[in-house]
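K.L.:
I'd like to ask you about the structure that follows.
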Amino acid sequence: MGKIFCLMGKSSTGKDTIFKEIMARDDLRLGTIIPYTTRPIRDGEKDGVEYHFTNEKGFQILKSGGKVIEDRSYETYHGIWRYFTVDDGQINIRDNNYCFIGTPDAFFKMRAYFGPGKIVPIMIDLDDGERLQRALDREKRPENHRYAEMCRRFLADQEDFSQDKIDRLGIQRRFLNEDLSTCVEEIAAYIKLNL
């Protein structure tokens, strides 16, 4: 029986980088769950790689068809953006192990869908000041400059990742991402222990 490892962390904790490092490891052999989103595609992204890109109508069709496992919506400075996981045949939990990036709410809904013990939480932490600096450095790049959205996400994380919510979900193990290689090695060892 397989497991799904759910990488979680506030914005700018390094989730995407850690995810890429974990997925590149031959010793873990984890499959990818490609989520869906209604947000616009960004430069450098490809449909079906980072996300399956759709629109509100596409989301509603999947939802009414009973295909949406979990979904989250965010009121952004650019309108409502949805992120969701779909039962579209890409997940075979009987035979394979997977890793995906989610939130505490996504973890809760995935656990309810697949059953207890199938979804393993991996919480990534980083000092709020360091997170904010990393986010600011990223937004200073010429192709970005989405400062209002950066601030909204930073503030929304306070609720989305509240200690009360983390405690209610029973998430106890956390990984501090002050040093990327150390953090990746600790997470890889934890995944092996839970396979």
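Naming scheme: A, B, ... for chains in displayed order of the structure tokens; residues 1 onward per chain; ligands 1 onward as shown.
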Contacts of A:Lys192 at 10 Å or less, counting only C-alpha atoms, minus same-chain residues fewer than 5 places along, as a PyMOL selection string?
P.N.:
chain A and resi 27-28+187
K.L.:
Residues of stretch 16-59 of chain A that have any atom at most 7 Å from an atom of stretch 92-116 of chain A: could you tabulate them with the shortest-distance atom pair and the distance in Å to one decimal, using only C-alpha atoms, ordered by chain and increasing number, as JSON lines?
P.N.:
```
{"residue": "A:Leu30", "atom": "CA", "partner": "A:Tyr98", "partner_atom": "CA", "distance": 4.8}
{"residue": "A:Gly31", "atom": "CA", "partner": "A:Tyr98", "partner_atom": "CA", "distance": 4.4}
{"residue": "A:Thr32", "atom": "CA", "partner": "A:Tyr98", "partner_atom": "CA", "distance": 5.6}
{"residue": "A:Ile33", "atom": "CA", "partner": "A:Phe100", "partner_atom": "CA", "distance": 5.8}
```
K.L.:
Please return as a ChimeraX atom specification: the residues of stretch 26-163 of chain A that backbone DSSP assigns to helix (DSSP H, G or I).
P.N.:
/A:56-64,104-114,128-139,147-160,163
K.L.:
Would you list the contacts of A:Glu185 as a short mmCIF file (atom, residue, chain, number, x, y, z; two decimals) with C-alpha atoms, in the first residue's frame, taking every protein, DNA or RNA residue within 12 Å and counting only C-alpha atoms, but skipping same-chain residues closer than 4 positions in sequence?
P.N.:
```cif
data_model
loop_
_atom_site.label_atom_id
_atom_site.label_comp_id
_atom_site.auth_asym_id
_atom_site.auth_seq_id
_atom_site.Cartn_x
_atom_site.Cartn_y
_atom_site.Cartn_z
CA ILE A 18 12.54 21.19 -1.52
CA GLU A 21 15.11 18.16 -4.65
CA ILE A 22 13.02 15.35 -3.13
CA ARG A 25 16.19 11.59 -5.62
CA ASP A 27 16.34 6.52 -3.59
CA LEU A 28 12.78 7.70 -2.87
CA PHE A 175 11.55 20.62 9.40
CA LEU A 176 13.45 23.90 9.67
CA ASN A 177 14.69 25.16 6.27
CA ASP A 179 19.98 25.23 5.32
CA LEU A 180 18.48 23.64 2.19
CA SER A 181 20.70 20.56 1.93
CA ALA A 189 15.22 10.27 5.90
CA TYR A 190 11.72 10.89 7.32
CA ILE A 191 10.09 9.76 4.07
CA LYS A 192 12.15 6.54 4.04
#
```
K.L.:
Tell me, as a count of residues only, which residues lie within 9 Å of A:Phe59, counting only C-alpha atoms; anything in the same chain fewer than 4 positions away does not count.
P.N.:
10
K.L.:
Identify which of the residues A:Asp71, A:Glu149, A:Glu178, A:Glu143 lies closest to A:Asp125, counting only C-alpha atoms when measuring atom-to-atom distances.
P.N.:
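Going through A:Asp71, A:Glu149, A:Glu178, A:Glu143 one by one, the smallest distance to A:Asp125 is for A:Glu178.
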K.L.:
Please return, as a PyMOL selection string, all residues of stretch 99-164 of chain A that DSSP assigns to strand (DSSP E) on the basis of the backbone.
P.N.:
chain A and resi 99-102+119-125
K.L.:
Mind pulling up the distance from atom CA of A:Arg131 to atom CA of A:Cys183?
P.N.:
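We find that atom CA of A:Cys183 and atom CA of A:Arg131 lie 15.4 Å from each other.
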K.L.:
Fewer than 2 positions away in the same chain doesn't count, so skip those; otherwise give me all residues within 12 Å of A:Ile166, counting only C-alpha atoms, as a ChimeraX atom specification.
P.N.:
/A:8-9,103-105,107-108,121-123,158-164,168-174
K.L.:
Restricting the output to N, CA and C atoms, write the selected residues as a short mmCIF file (atom, residue, chain, number, x, y, z; two decimals), in the first residue's frame.
P.N.:
```cif
data_model
loop_
_atom_site.label_atom_id
_atom_site.label_comp_id
_atom_site.auth_asym_id
_atom_site.auth_seq_id
_atom_site.Cartn_x
_atom_site.Cartn_y
_atom_site.Cartn_z
N MET A 8 4.11 20.88 3.31
CA MET A 8 3.36 22.08 3.67
C MET A 8 4.29 23.09 4.29
N GLY A 9 3.94 24.35 4.14
CA GLY A 9 4.70 25.42 4.77
C GLY A 9 4.16 26.75 4.30
N THR A 103 -1.54 22.42 1.70
CA THR A 103 -1.78 23.26 2.88
C THR A 103 -2.35 22.36 3.97
N PRO A 104 -2.45 22.86 5.20
CA PRO A 104 -3.12 22.05 6.23
C PRO A 104 -4.53 21.63 5.83
N ASP A 105 -5.28 22.52 5.18
CA ASP A 105 -6.64 22.15 4.74
C ASP A 105 -6.59 21.06 3.67
N PHE A 107 -4.22 18.82 3.33
CA PHE A 107 -3.83 17.61 4.05
C PHE A 107 -5.05 16.97 4.71
N PHE A 108 -5.87 17.78 5.38
CA PHE A 108 -7.06 17.28 6.06
C PHE A 108 -8.02 16.61 5.08
N PRO A 121 2.11 14.05 6.76
CA PRO A 121 2.41 15.48 6.70
C PRO A 121 3.90 15.76 6.85
N ILE A 122 4.39 16.70 6.06
CA ILE A 122 5.77 17.17 6.18
C ILE A 122 5.70 18.69 6.26
N MET A 123 5.83 19.23 7.46
CA MET A 123 5.69 20.67 7.70
C MET A 123 7.06 21.33 7.66
N GLN A 158 -0.93 33.39 8.31
CA GLN A 158 -1.11 33.41 9.77
C GLN A 158 -2.33 32.58 10.17
N GLU A 159 -3.38 32.64 9.35
CA GLU A 159 -4.59 31.87 9.64
C GLU A 159 -4.47 30.44 9.09
N ASP A 160 -4.00 30.33 7.85
CA ASP A 160 -3.92 29.01 7.21
C ASP A 160 -3.01 28.05 7.95
N PHE A 161 -1.96 28.58 8.60
CA PHE A 161 -0.99 27.75 9.30
C PHE A 161 -0.96 28.07 10.80
N SER A 162 -2.12 28.41 11.35
CA SER A 162 -2.17 28.73 12.78
C SER A 162 -1.78 27.51 13.61
N GLN A 163 -1.16 27.77 14.76
CA GLN A 163 -0.74 26.67 15.63
C GLN A 163 -1.94 25.83 16.06
N ASP A 164 -3.06 26.46 16.29
CA ASP A 164 -4.27 25.73 16.68
C ASP A 164 -4.67 24.73 15.60
N ARG A 168 -4.70 20.65 15.87
CA ARG A 168 -5.92 19.88 15.62
C ARG A 168 -5.68 18.77 14.60
N LEU A 169 -4.80 19.01 13.64
CA LEU A 169 -4.50 18.01 12.62
C LEU A 169 -3.50 16.95 13.11
N GLY A 170 -2.93 17.17 14.29
CA GLY A 170 -1.99 16.20 14.84
C GLY A 170 -0.63 16.23 14.17
N ILE A 171 -0.27 17.35 13.56
CA ILE A 171 1.04 17.47 12.90
C ILE A 171 2.07 17.84 13.96
N GLN A 172 2.99 16.92 14.20
CA GLN A 172 3.98 17.14 15.26
C GLN A 172 5.38 17.38 14.74
N ARG A 173 5.76 16.71 13.67
CA ARG A 173 7.14 16.80 13.15
C ARG A 173 7.25 17.99 12.20
N ARG A 174 8.26 18.83 12.44
CA ARG A 174 8.51 19.99 11.59
C ARG A 174 9.96 19.98 11.14
#
```
K.L.:
Could you please determine the separation between atom CA of A:Ser12 and atom CA of A:Arg29 in Å, to one decimal place?
P.N.:
25.7 Å
K.L.:
Atom CA of A:Phe154 and atom CA of A:Ser11, how far apart in Å?
P.N.:
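Atom CA of A:Phe154 lies at a distance of 6.6 Å from atom CA of A:Ser11.
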K.L.:
With distances taken over only C-alpha atoms, which of A:Leu132, A:Asp87, A:Thr17, A:Glu186 is nearest to A:Gly65?
P.N.:
A:Asp87
K.L.:
Find the residues near A:Lys67: any atom within 8 Å, counting only C-alpha atoms, skip ones fewer than 5 places away on the same chain, and give them as a PyMOL selection string.
P.N.:
chain A and resi 62+86-88
